[in-house]
Amino acid sequence: MRFILPLGLIATTLAIAPVRFDREKVLRVKPQDEKQANIIKDLAKTNQLDFWYPDAIHHIAANMTIDFRVSEKEFHSIQSALDQNKMHYEILIHDLQEEIEKQFDVKEDIPGRHSYAKYNNWNKIGKRDERRKAIFMDCGIHAREWISPAFCQWFVYQAAKTYGKNKIMTKLLDRMNFYVLPVFNVDGYIWSWTQNRMWRKNRSKNQNSKCIGTDLNRNFNVSWNSFPNTKNPCLNTYGGPEPESEKETKAVTDFIRSHLKSIKAYITFHSYSQMLLFPYGYTSKLPANHKDLAKVAKIGTDVLATRYETRYIYGPIASTIYPTSGSSLDWAYNLGIKHTFAFELRDKGKFGFLLPESLIKPTCKETLLAVKYIAKYILKHTS
């Protein structure tokens, strides 16, 4: 078993007050036609809307479910615009700050100790994983998706705990190497804990801009920068000044290239939406082994549902969630890793990025079933 710790610079946290989100709301809107879709786009141009799903304005289309965060100050004008245009909306979260604080709903057994049933800050993750033998998947590429690193930690914990006891896990660990990257975006993750819970990108400085950060999942060298809204450093989906410009991306791509002969699958974990995705994101063209990928994804989601009846949908990125460019998944596939998958973990929007700690264990347990199935398939069907 082998283990990778994230490579890259960790930002120094400044002595400034964390961002608060008092009385900010998360709205869900489903435009019924192109006219209503354009109304949402126009509102985004004149208001600071933080799109949770989809993640950028250019993805918005008729009959699509759209979740976005709006400040207390701008809520009433947004509400009026929606009412005036007879657009139905639902308030998913009434007070974002309250939901952030309610997210920590599991008591610590021993204060300060690492717990796999809780969200852990980087100090706890780093110290824990330096001591533990590990297994390769990546988690936490977007800083605010806390359930993703929680799963990677859970996977490592279960692998160590059940080795020699669980027949399937023991066979997998004896016959395969798992490389686990628990937090891809370390400095962004730290920032989401200490300063801004809704932070998404990393914390790199951008030349000729006051805006900080690059979306690491738009920074891979595959159809890079081919979509709108990936060129503005102030946007959440900014893809960086060039492919692999970020230390985090470069560290991962260098590692994968150097181990390419042995890596048969690449799995990345995100939230939210309850989906199991595979290539492509940058084109509607289907990959050569599409039927194989769809078969694995279908059975994987079926297996996942056996634990708590949590239902996932599956399919290519572009048609199942939305088109995207510069993603790690498409890059890995085009490099030659022909079984690449992305999990969009719980939930479907009730909590969004603020999944309570009490749902960590159920999410991890059901996801582990799907990951074990994928690993068994790779072991049996790849050379």
# chains A, B, ... in the order shown; residues from 1 in each chain; ligands from 1

call {"tool": "closest_atom_pairs", "arguments": {"of": "stretch 178-292 of chain A", "to": "stretch 348-354 of chain A", "cutoff": "10 Å", "atoms": "only C-alpha atoms", "output": "JSON lines"}}
result
{"residue": "A:Arg197", "atom": "CA", "partner": "A:Leu354", "partner_atom": "CA", "distance": 9.3}
{"residue": "A:Met198", "atom": "CA", "partner": "A:Phe353", "partner_atom": "CA", "distance": 8.3}
{"residue": "A:His270", "atom": "CA", "partner": "A:Phe353", "partner_atom": "CA", "distance": 9.9}
{"residue": "A:Ser271", "atom": "CA", "partner": "A:Phe353", "partner_atom": "CA", "distance": 6.8}
{"residue": "A:Tyr272", "atom": "CA", "partner": "A:Gly352", "partner_atom": "CA", "distance": 6.0}
{"residue": "A:Ser273", "atom": "CA", "partner": "A:Lys348", "partner_atom": "CA", "distance": 4.6}
{"residue": "A:Gln274", "atom": "CA", "partner": "A:Lys348", "partner_atom": "CA", "distance": 6.3}
{"residue": "A:Met275", "atom": "CA", "partner": "A:Lys348", "partner_atom": "CA", "distance": 9.4}

call {"tool": "write_last_selection", "arguments": {"atoms": "all heavy atoms", "output": "compact mmCIF listing (two decimals), in the first residue's frame"}}
result
# COMPACT_ATOMS: atom_id res chain seq x y z
N ARG A 197 -16.08 29.78 4.57
CA ARG A 197 -16.61 28.43 4.41
C ARG A 197 -17.02 28.13 2.98
O ARG A 197 -17.00 26.96 2.54
CB ARG A 197 -17.81 28.25 5.36
CG ARG A 197 -18.51 26.90 5.27
CD ARG A 197 -17.60 25.77 5.66
NE ARG A 197 -18.21 24.48 5.42
CZ ARG A 197 -18.21 23.84 4.26
NH1 ARG A 197 -17.60 24.36 3.19
NH2 ARG A 197 -18.78 22.65 4.14
N MET A 198 -17.36 29.14 2.20
CA MET A 198 -17.82 28.92 0.84
C MET A 198 -16.71 29.01 -0.21
O MET A 198 -16.97 29.03 -1.41
CB MET A 198 -18.93 29.92 0.50
CG MET A 198 -20.24 29.69 1.24
SD MET A 198 -21.02 28.11 0.78
CE MET A 198 -20.60 27.09 2.20
N HIS A 270 -16.30 14.46 -5.44
CA HIS A 270 -16.80 15.83 -5.35
C HIS A 270 -18.14 15.81 -4.62
O HIS A 270 -18.64 14.76 -4.23
CB HIS A 270 -17.01 16.42 -6.74
CG HIS A 270 -15.79 16.49 -7.59
ND1 HIS A 270 -15.16 17.67 -7.91
CD2 HIS A 270 -15.06 15.51 -8.20
CE1 HIS A 270 -14.11 17.43 -8.67
NE2 HIS A 270 -14.03 16.12 -8.87
N SER A 271 -18.74 16.97 -4.46
CA SER A 271 -20.13 17.08 -4.02
C SER A 271 -20.68 18.38 -4.60
O SER A 271 -19.92 19.29 -4.96
CB SER A 271 -20.22 17.10 -2.48
OG SER A 271 -19.75 18.31 -1.94
N TYR A 272 -22.00 18.44 -4.77
CA TYR A 272 -23.01 17.47 -4.40
C TYR A 272 -23.84 17.16 -5.64
O TYR A 272 -23.69 17.84 -6.66
CB TYR A 272 -23.93 18.05 -3.29
CG TYR A 272 -24.63 19.35 -3.68
CD1 TYR A 272 -25.93 19.35 -4.22
CD2 TYR A 272 -23.98 20.58 -3.55
CE1 TYR A 272 -26.57 20.53 -4.59
CE2 TYR A 272 -24.61 21.76 -3.92
CZ TYR A 272 -25.90 21.73 -4.44
OH TYR A 272 -26.51 22.90 -4.82
N SER A 273 -24.75 16.18 -5.59
CA SER A 273 -25.73 15.86 -6.65
C SER A 273 -26.09 14.39 -6.73
O SER A 273 -27.07 14.05 -7.39
CB SER A 273 -25.25 16.28 -8.05
OG SER A 273 -25.27 17.68 -8.19
N GLN A 274 -25.30 13.50 -6.09
CA GLN A 274 -25.55 12.06 -6.15
C GLN A 274 -25.50 11.56 -7.59
O GLN A 274 -26.49 11.12 -8.16
CB GLN A 274 -26.87 11.71 -5.44
CG GLN A 274 -26.82 11.98 -3.95
CD GLN A 274 -28.12 11.75 -3.24
OE1 GLN A 274 -28.33 12.28 -2.16
NE2 GLN A 274 -29.03 10.96 -3.81
N MET A 275 -24.31 11.62 -8.15
CA MET A 275 -24.06 11.18 -9.51
C MET A 275 -22.75 10.39 -9.56
O MET A 275 -21.84 10.63 -8.76
CB MET A 275 -23.93 12.36 -10.47
CG MET A 275 -25.16 13.23 -10.59
SD MET A 275 -24.83 14.62 -11.71
CE MET A 275 -26.43 15.43 -11.68

call {"tool": "residues_around", "arguments": {"residues": "A:Val29", "least_positions_apart": "4", "cutoff": "10 Å", "atoms": "only C-alpha atoms", "output": "mmCIF file with all heavy atoms, in the first residue's frame"}}
result
data_model
loop_
_atom_site.group_PDB
_atom_site.id
_atom_site.type_symbol
_atom_site.label_atom_id
_atom_site.label_comp_id
_atom_site.auth_asym_id
_atom_site.auth_seq_id
_atom_site.Cartn_x
_atom_site.Cartn_y
_atom_site.Cartn_z
ATOM 1 N N GLN A 36 -36.688 32.685 -19.450
ATOM 2 C CA GLN A 36 -36.444 32.645 -18.010
ATOM 3 C C GLN A 36 -34.982 32.316 -17.704
ATOM 4 O O GLN A 36 -34.410 32.838 -16.738
ATOM 5 C CB GLN A 36 -37.378 31.634 -17.356
ATOM 6 C CG GLN A 36 -38.839 32.065 -17.353
ATOM 7 C CD GLN A 36 -39.712 31.194 -16.469
ATOM 8 O OE1 GLN A 36 -39.289 30.138 -15.999
ATOM 9 N NE2 GLN A 36 -40.946 31.634 -16.234
ATOM 10 N N ALA A 37 -34.380 31.476 -18.511
ATOM 11 C CA ALA A 37 -32.957 31.175 -18.322
ATOM 12 C C ALA A 37 -32.116 32.434 -18.491
ATOM 13 O O ALA A 37 -31.171 32.687 -17.726
ATOM 14 C CB ALA A 37 -32.506 30.094 -19.308
ATOM 15 N N ILE A 40 -32.157 34.697 -15.408
ATOM 16 C CA ILE A 40 -31.179 34.288 -14.389
ATOM 17 C C ILE A 40 -29.782 34.770 -14.774
ATOM 18 O O ILE A 40 -29.025 35.293 -13.939
ATOM 19 C CB ILE A 40 -31.173 32.759 -14.213
ATOM 20 C CG1 ILE A 40 -32.541 32.272 -13.742
ATOM 21 C CG2 ILE A 40 -30.092 32.336 -13.215
ATOM 22 C CD1 ILE A 40 -32.929 32.739 -12.369
ATOM 23 N N ASN A 63 -35.229 24.484 -18.252
ATOM 24 C CA ASN A 63 -35.583 23.214 -17.609
ATOM 25 C C ASN A 63 -34.439 22.611 -16.795
ATOM 26 O O ASN A 63 -34.453 21.418 -16.497
ATOM 27 C CB ASN A 63 -36.062 22.191 -18.654
ATOM 28 C CG ASN A 63 -37.304 22.666 -19.374
ATOM 29 O OD1 ASN A 63 -38.276 23.065 -18.739
ATOM 30 N ND2 ASN A 63 -37.259 22.660 -20.703
ATOM 31 N N MET A 64 -33.471 23.423 -16.435
ATOM 32 C CA MET A 64 -32.378 22.970 -15.577
ATOM 33 C C MET A 64 -32.602 23.454 -14.152
ATOM 34 O O MET A 64 -33.021 24.588 -13.929
ATOM 35 C CB MET A 64 -31.031 23.510 -16.091
ATOM 36 C CG MET A 64 -29.864 23.302 -15.127
ATOM 37 S SD MET A 64 -28.314 24.030 -15.722
ATOM 38 C CE MET A 64 -27.718 22.701 -16.757
ATOM 39 N N THR A 65 -32.347 22.596 -13.184
ATOM 40 C CA THR A 65 -32.406 23.004 -11.789
ATOM 41 C C THR A 65 -31.173 23.837 -11.462
ATOM 42 O O THR A 65 -30.041 23.410 -11.730
ATOM 43 C CB THR A 65 -32.451 21.774 -10.866
ATOM 44 O OG1 THR A 65 -33.651 21.038 -11.137
ATOM 45 C CG2 THR A 65 -32.447 22.196 -9.401
ATOM 46 N N ILE A 66 -31.390 25.022 -10.909
ATOM 47 C CA ILE A 66 -30.293 25.955 -10.625
ATOM 48 C C ILE A 66 -30.320 26.329 -9.144
ATOM 49 O O ILE A 66 -31.334 26.807 -8.633
ATOM 50 C CB ILE A 66 -30.421 27.229 -11.490
ATOM 51 C CG1 ILE A 66 -30.392 26.866 -12.973
ATOM 52 C CG2 ILE A 66 -29.313 28.225 -11.156
ATOM 53 C CD1 ILE A 66 -30.891 27.963 -13.875
ATOM 54 N N ASP A 67 -29.219 26.078 -8.459
ATOM 55 C CA ASP A 67 -29.072 26.461 -7.056
ATOM 56 C C ASP A 67 -28.033 27.564 -6.956
ATOM 57 O O ASP A 67 -26.937 27.434 -7.534
ATOM 58 C CB ASP A 67 -28.598 25.274 -6.205
ATOM 59 C CG ASP A 67 -29.563 24.104 -6.226
ATOM 60 O OD1 ASP A 67 -30.715 24.293 -6.658
ATOM 61 O OD2 ASP A 67 -29.167 23.004 -5.805
ATOM 62 N N PHE A 68 -28.350 28.637 -6.240
ATOM 63 C CA PHE A 68 -27.360 29.696 -6.080
ATOM 64 C C PHE A 68 -27.520 30.391 -4.728
ATOM 65 O O PHE A 68 -28.610 30.428 -4.154
ATOM 66 C CB PHE A 68 -27.429 30.733 -7.216
ATOM 67 C CG PHE A 68 -28.768 31.431 -7.341
ATOM 68 C CD1 PHE A 68 -29.035 32.596 -6.622
ATOM 69 C CD2 PHE A 68 -29.748 30.942 -8.188
ATOM 70 C CE1 PHE A 68 -30.258 33.251 -6.752
ATOM 71 C CE2 PHE A 68 -30.976 31.583 -8.316
ATOM 72 C CZ PHE A 68 -31.236 32.742 -7.595
ATOM 73 N N LEU A 82 -37.753 37.648 -9.701
ATOM 74 C CA LEU A 82 -38.340 36.333 -9.956
ATOM 75 C C LEU A 82 -39.863 36.401 -9.914
ATOM 76 O O LEU A 82 -40.547 35.814 -10.763
ATOM 77 C CB LEU A 82 -37.820 35.327 -8.928
ATOM 78 C CG LEU A 82 -36.316 35.029 -8.975
ATOM 79 C CD1 LEU A 82 -35.917 34.096 -7.823
ATOM 80 C CD2 LEU A 82 -35.899 34.412 -10.303
ATOM 81 N N MET A 87 -41.566 33.470 -12.036
ATOM 82 C CA MET A 87 -40.651 32.330 -11.961
ATOM 83 C C MET A 87 -40.727 31.699 -10.577
ATOM 84 O O MET A 87 -40.477 32.355 -9.566
ATOM 85 C CB MET A 87 -39.219 32.781 -12.270
ATOM 86 C CG MET A 87 -39.042 33.289 -13.682
ATOM 87 S SD MET A 87 -37.369 33.888 -14.014
ATOM 88 C CE MET A 87 -36.406 32.384 -13.812
ATOM 89 N N HIS A 88 -41.091 30.430 -10.561
ATOM 90 C CA HIS A 88 -41.193 29.719 -9.285
ATOM 91 C C HIS A 88 -39.802 29.486 -8.707
ATOM 92 O O HIS A 88 -38.864 29.150 -9.425
ATOM 93 C CB HIS A 88 -41.888 28.377 -9.475
ATOM 94 C CG HIS A 88 -41.923 27.545 -8.231
ATOM 95 N ND1 HIS A 88 -42.749 27.839 -7.164
ATOM 96 C CD2 HIS A 88 -41.209 26.446 -7.878
ATOM 97 C CE1 HIS A 88 -42.560 26.952 -6.202
ATOM 98 N NE2 HIS A 88 -41.634 26.089 -6.619
ATOM 99 N N TYR A 89 -39.656 29.687 -7.410
ATOM 100 C CA TYR A 89 -38.383 29.432 -6.745
ATOM 101 C C TYR A 89 -38.640 28.818 -5.375
ATOM 102 O O TYR A 89 -39.718 28.943 -4.797
ATOM 103 C CB TYR A 89 -37.565 30.727 -6.597
ATOM 104 C CG TYR A 89 -38.235 31.797 -5.754
ATOM 105 C CD1 TYR A 89 -38.051 31.863 -4.382
ATOM 106 C CD2 TYR A 89 -39.080 32.736 -6.356
ATOM 107 C CE1 TYR A 89 -38.686 32.832 -3.619
ATOM 108 C CE2 TYR A 89 -39.721 33.704 -5.595
ATOM 109 C CZ TYR A 89 -39.514 33.748 -4.232
ATOM 110 O OH TYR A 89 -40.147 34.693 -3.476
ATOM 111 N N GLU A 90 -37.622 28.143 -4.879
ATOM 112 C CA GLU A 90 -37.684 27.516 -3.561
ATOM 113 C C GLU A 90 -36.472 27.992 -2.759
ATOM 114 O O GLU A 90 -35.363 28.078 -3.296
ATOM 115 C CB GLU A 90 -37.639 25.991 -3.732
ATOM 116 C CG GLU A 90 -37.609 25.208 -2.445
ATOM 117 C CD GLU A 90 -37.441 23.710 -2.689
ATOM 118 O OE1 GLU A 90 -37.398 23.298 -3.863
ATOM 119 O OE2 GLU A 90 -37.339 22.966 -1.694
ATOM 120 N N ILE A 91 -36.671 28.324 -1.503
ATOM 121 C CA ILE A 91 -35.558 28.707 -0.639
ATOM 122 C C ILE A 91 -35.056 27.441 0.046
ATOM 123 O O ILE A 91 -35.702 26.912 0.963
ATOM 124 C CB ILE A 91 -35.970 29.775 0.390
ATOM 125 C CG1 ILE A 91 -36.496 31.025 -0.322
ATOM 126 C CG2 ILE A 91 -34.784 30.131 1.286
ATOM 127 C CD1 ILE A 91 -36.970 32.109 0.637
#

call {"tool": "residues_around", "arguments": {"residues": "A:Gln48", "least_positions_apart": "2", "cutoff": "12 Å", "atoms": "only C-alpha atoms", "output": "NGL selection string"}}
result
:A and (24 or 40-46 or 50-51 or 57 or 68-75 or 77-78 or 234-236)

call {"tool": "write_last_selection", "arguments": {"atoms": "N, CA, C and O atoms", "output": "short mmCIF file (atom, residue, chain, number, x, y, z; two decimals), in the first residue's frame"}}
result
data_model
loop_
_atom_site.label_atom_id
_atom_site.label_comp_id
_atom_site.auth_asym_id
_atom_site.auth_seq_id
_atom_site.Cartn_x
_atom_site.Cartn_y
_atom_site.Cartn_z
N GLU A 24 -27.85 35.03 4.66
CA GLU A 24 -27.72 34.73 3.23
C GLU A 24 -28.55 33.49 2.91
O GLU A 24 -28.75 32.62 3.76
N ILE A 40 -32.16 34.70 -15.41
CA ILE A 40 -31.18 34.29 -14.39
C ILE A 40 -29.78 34.77 -14.77
O ILE A 40 -29.03 35.29 -13.94
N LYS A 41 -29.43 34.62 -16.04
CA LYS A 41 -28.11 35.07 -16.51
C LYS A 41 -27.96 36.57 -16.33
O LYS A 41 -26.89 37.05 -15.91
N ASP A 42 -29.01 37.32 -16.64
CA ASP A 42 -28.96 38.78 -16.48
C ASP A 42 -28.83 39.17 -15.01
O ASP A 42 -28.08 40.10 -14.67
N LEU A 43 -29.54 38.46 -14.14
CA LEU A 43 -29.43 38.75 -12.71
C LEU A 43 -28.01 38.50 -12.20
O LEU A 43 -27.51 39.22 -11.34
N ALA A 44 -27.37 37.48 -12.76
CA ALA A 44 -26.00 37.15 -12.35
C ALA A 44 -25.00 38.23 -12.77
O ALA A 44 -23.95 38.40 -12.14
N LYS A 45 -25.33 38.95 -13.82
CA LYS A 45 -24.43 40.00 -14.29
C LYS A 45 -24.48 41.24 -13.42
O LYS A 45 -23.53 42.01 -13.36
N THR A 46 -25.60 41.43 -12.72
CA THR A 46 -25.78 42.65 -11.92
C THR A 46 -25.79 42.36 -10.41
O THR A 46 -25.90 43.28 -9.61
N ASP A 50 -23.56 33.28 -6.18
CA ASP A 50 -22.62 32.18 -6.07
C ASP A 50 -23.34 30.91 -6.51
O ASP A 50 -24.15 30.37 -5.78
N PHE A 51 -23.04 30.45 -7.72
CA PHE A 51 -23.75 29.30 -8.25
C PHE A 51 -23.21 28.01 -7.64
O PHE A 51 -22.02 27.71 -7.74
N ILE A 57 -22.29 30.42 -14.93
CA ILE A 57 -23.44 31.03 -15.61
C ILE A 57 -23.67 30.45 -16.99
O ILE A 57 -24.81 30.30 -17.44
N PHE A 68 -28.35 28.64 -6.24
CA PHE A 68 -27.36 29.70 -6.08
C PHE A 68 -27.52 30.39 -4.73
O PHE A 68 -28.61 30.43 -4.15
N ARG A 69 -26.40 30.92 -4.25
CA ARG A 69 -26.39 31.66 -2.99
C ARG A 69 -26.51 33.15 -3.28
O ARG A 69 -25.90 33.65 -4.23
N VAL A 70 -27.30 33.85 -2.45
CA VAL A 70 -27.49 35.28 -2.62
C VAL A 70 -27.37 35.95 -1.26
O VAL A 70 -27.80 35.40 -0.24
N SER A 71 -26.78 37.12 -1.23
CA SER A 71 -26.58 37.84 0.02
C SER A 71 -27.91 38.38 0.56
O SER A 71 -28.89 38.51 -0.18
N GLU A 72 -27.92 38.70 1.84
CA GLU A 72 -29.11 39.30 2.44
C GLU A 72 -29.47 40.60 1.73
O GLU A 72 -30.64 40.89 1.46
N LYS A 73 -28.45 41.39 1.40
CA LYS A 73 -28.65 42.69 0.77
C LYS A 73 -29.32 42.55 -0.60
O LYS A 73 -30.19 43.37 -0.97
N GLU A 74 -28.97 41.54 -1.36
CA GLU A 74 -29.48 41.41 -2.73
C GLU A 74 -30.70 40.50 -2.83
O GLU A 74 -31.32 40.43 -3.90
N PHE A 75 -31.04 39.81 -1.75
CA PHE A 75 -32.13 38.84 -1.83
C PHE A 75 -33.45 39.45 -2.29
O PHE A 75 -34.13 38.91 -3.16
N SER A 77 -34.18 42.11 -4.05
CA SER A 77 -34.23 42.49 -5.47
C SER A 77 -34.30 41.25 -6.36
O SER A 77 -35.01 41.25 -7.38
N ILE A 78 -33.59 40.19 -5.97
CA ILE A 78 -33.67 38.93 -6.72
C ILE A 78 -35.08 38.35 -6.62
O ILE A 78 -35.69 37.91 -7.61
N CYS A 234 -11.48 36.43 -11.37
CA CYS A 234 -12.42 36.70 -10.27
C CYS A 234 -13.56 35.70 -10.19
O CYS A 234 -14.34 35.73 -9.24
N LEU A 235 -13.67 34.82 -11.18
CA LEU A 235 -14.75 33.85 -11.19
C LEU A 235 -14.32 32.53 -10.53
O LEU A 235 -13.14 32.17 -10.57
N ASN A 236 -15.28 31.83 -9.97
CA ASN A 236 -15.00 30.56 -9.30
C ASN A 236 -14.47 29.49 -10.22
O ASN A 236 -13.83 28.54 -9.76
#

call {"tool": "select_by_dssp", "arguments": {"residues": "stretch 237-305 of chain A", "states": "helix (DSSP H, G or I)", "output": "number ranges by chain"}}
result
A: 247-258, 290-305

call {"tool": "write_last_selection", "arguments": {"atoms": "C-alpha atoms", "output": "tab-separated table (two decimals), in the first residue's frame"}}
result
chain	number	residue	atom	x	y	z
A	247	LYS	CA	1.56	23.47	-8.04
A	248	GLU	CA	-1.20	21.14	-6.92
A	249	THR	CA	-2.15	20.19	-10.48
A	250	LYS	CA	1.49	19.76	-11.51
A	251	ALA	CA	2.24	17.51	-8.54
A	252	VAL	CA	-0.67	15.21	-9.37
A	253	THR	CA	-0.04	15.08	-13.13
A	254	ASP	CA	3.68	14.40	-12.61
A	255	PHE	CA	2.90	11.57	-10.21
A	256	ILE	CA	0.32	9.97	-12.50
A	257	ARG	CA	2.59	10.21	-15.55
A	258	SER	CA	5.41	8.55	-13.64
A	290	HIS	CA	-18.51	4.02	-23.22
A	291	LYS	CA	-20.54	0.82	-22.85
A	292	ASP	CA	-18.01	-0.60	-20.42
A	293	LEU	CA	-17.94	2.59	-18.35
A	294	ALA	CA	-21.73	2.79	-18.30
A	295	LYS	CA	-21.97	-0.84	-17.18
A	296	VAL	CA	-19.55	-0.27	-14.30
A	297	ALA	CA	-21.31	2.95	-13.31
A	298	LYS	CA	-24.75	1.34	-13.37
A	299	ILE	CA	-23.75	-1.60	-11.20
A	300	GLY	CA	-21.71	0.73	-8.96
A	301	THR	CA	-24.73	2.94	-8.29
A	302	ASP	CA	-26.94	-0.11	-7.74
A	303	VAL	CA	-24.48	-1.50	-5.20
A	304	LEU	CA	-24.26	1.87	-3.46
A	305	ALA	CA	-28.05	1.97	-3.09

call {"tool": "atom_distance", "arguments": {"atom1": "atom CA of A:Asn121", "atom2": "atom CA of A:Glu344"}}
result
21.2 Å

call {"tool": "residues_around", "arguments": {"residues": "A:Tyr163", "least_positions_apart": "6", "cutoff": "8 Å", "atoms": "only C-alpha atoms", "output": "JSON list (two decimals) with N, CA and C atoms, in the first residue's frame"}}
result
[["chain", "number", "residue", "atom", "x", "y", "z"],
["A", 169, "MET", "N", -11.68, -6.71, 0.98],
["A", 169, "MET", "CA", -10.71, -5.65, 1.16],
["A", 169, "MET", "C", -9.28, -6.19, 1.20],
["A", 170, "THR", "N", -9.09, -7.31, 1.86],
["A", 170, "THR", "CA", -7.76, -7.92, 1.95],
["A", 170, "THR", "C", -7.25, -8.32, 0.58],
["A", 173, "LEU", "N", -6.26, -5.16, -1.40],
["A", 173, "LEU", "CA", -5.03, -4.53, -0.93],
["A", 173, "LEU", "C", -3.81, -5.40, -1.21]]

call {"tool": "closest_residue", "arguments": {"among": "A:Leu27, A:Ala265, A:Val180, A:Leu216", "to": "A:Leu335", "atoms": "only C-alpha atoms"}}
result
A:Ala265

call {"tool": "select_by_dssp", "arguments": {"residues": "stretch 123-208 of chain A", "states": "strand (DSSP E or B)", "output": "ChimeraX atom specification"}}
result
/A:137-139,180-181,205

call {"tool": "closest_atom_pairs", "arguments": {"of": "stretch 148-185 of chain A", "to": "stretch 113-120 of chain A", "cutoff": "8 Å", "atoms": "only C-alpha atoms", "output": "Markdown table"}}
result
| residue | atom | partner | partner_atom | distance |
| --- | --- | --- | --- | --- |
| A:Ala150 | CA | A:Tyr119 | CA | 6.3 |
| A:Gln153 | CA | A:Tyr116 | CA | 7.0 |
| A:Trp154 | CA | A:Tyr116 | CA | 6.0 |
| A:Tyr157 | CA | A:Tyr116 | CA | 7.9 |

call {"tool": "closest_residue", "arguments": {"among": "A:Ala143, A:Phe178, A:Lys380, A:Ser262", "to": "A:Thr214", "atoms": "only C-alpha atoms"}}
result
A:Ala143

call {"tool": "residues_around", "arguments": {"residues": "A:Ser327", "least_positions_apart": "4", "cutoff": "9 Å", "atoms": "only C-alpha atoms", "output": "number ranges by chain"}}
result
A: 216-224, 281-282, 331-332

call {"tool": "atom_distance", "arguments": {"atom1": "atom CA of A:Arg346", "atom2": "atom CA of A:Pro54"}}
result
15.4 Å

call {"tool": "atom_distance", "arguments": {"atom1": "atom CA of A:Gln32", "atom2": "atom CA of A:Ala62"}}
result
5.5 Å

call {"tool": "closest_residue", "arguments": {"among": "A:Leu379, A:Leu172, A:Leu96, A:Ile147", "to": "A:Leu355", "atoms": "only C-alpha atoms"}}
result
A:Ile147

call {"tool": "closest_residue", "arguments": {"among": "A:Ser328, A:Pro31, A:Leu359, A:Ala370", "to": "A:Phe104", "atoms": "only C-alpha atoms"}}
result
A:Leu359
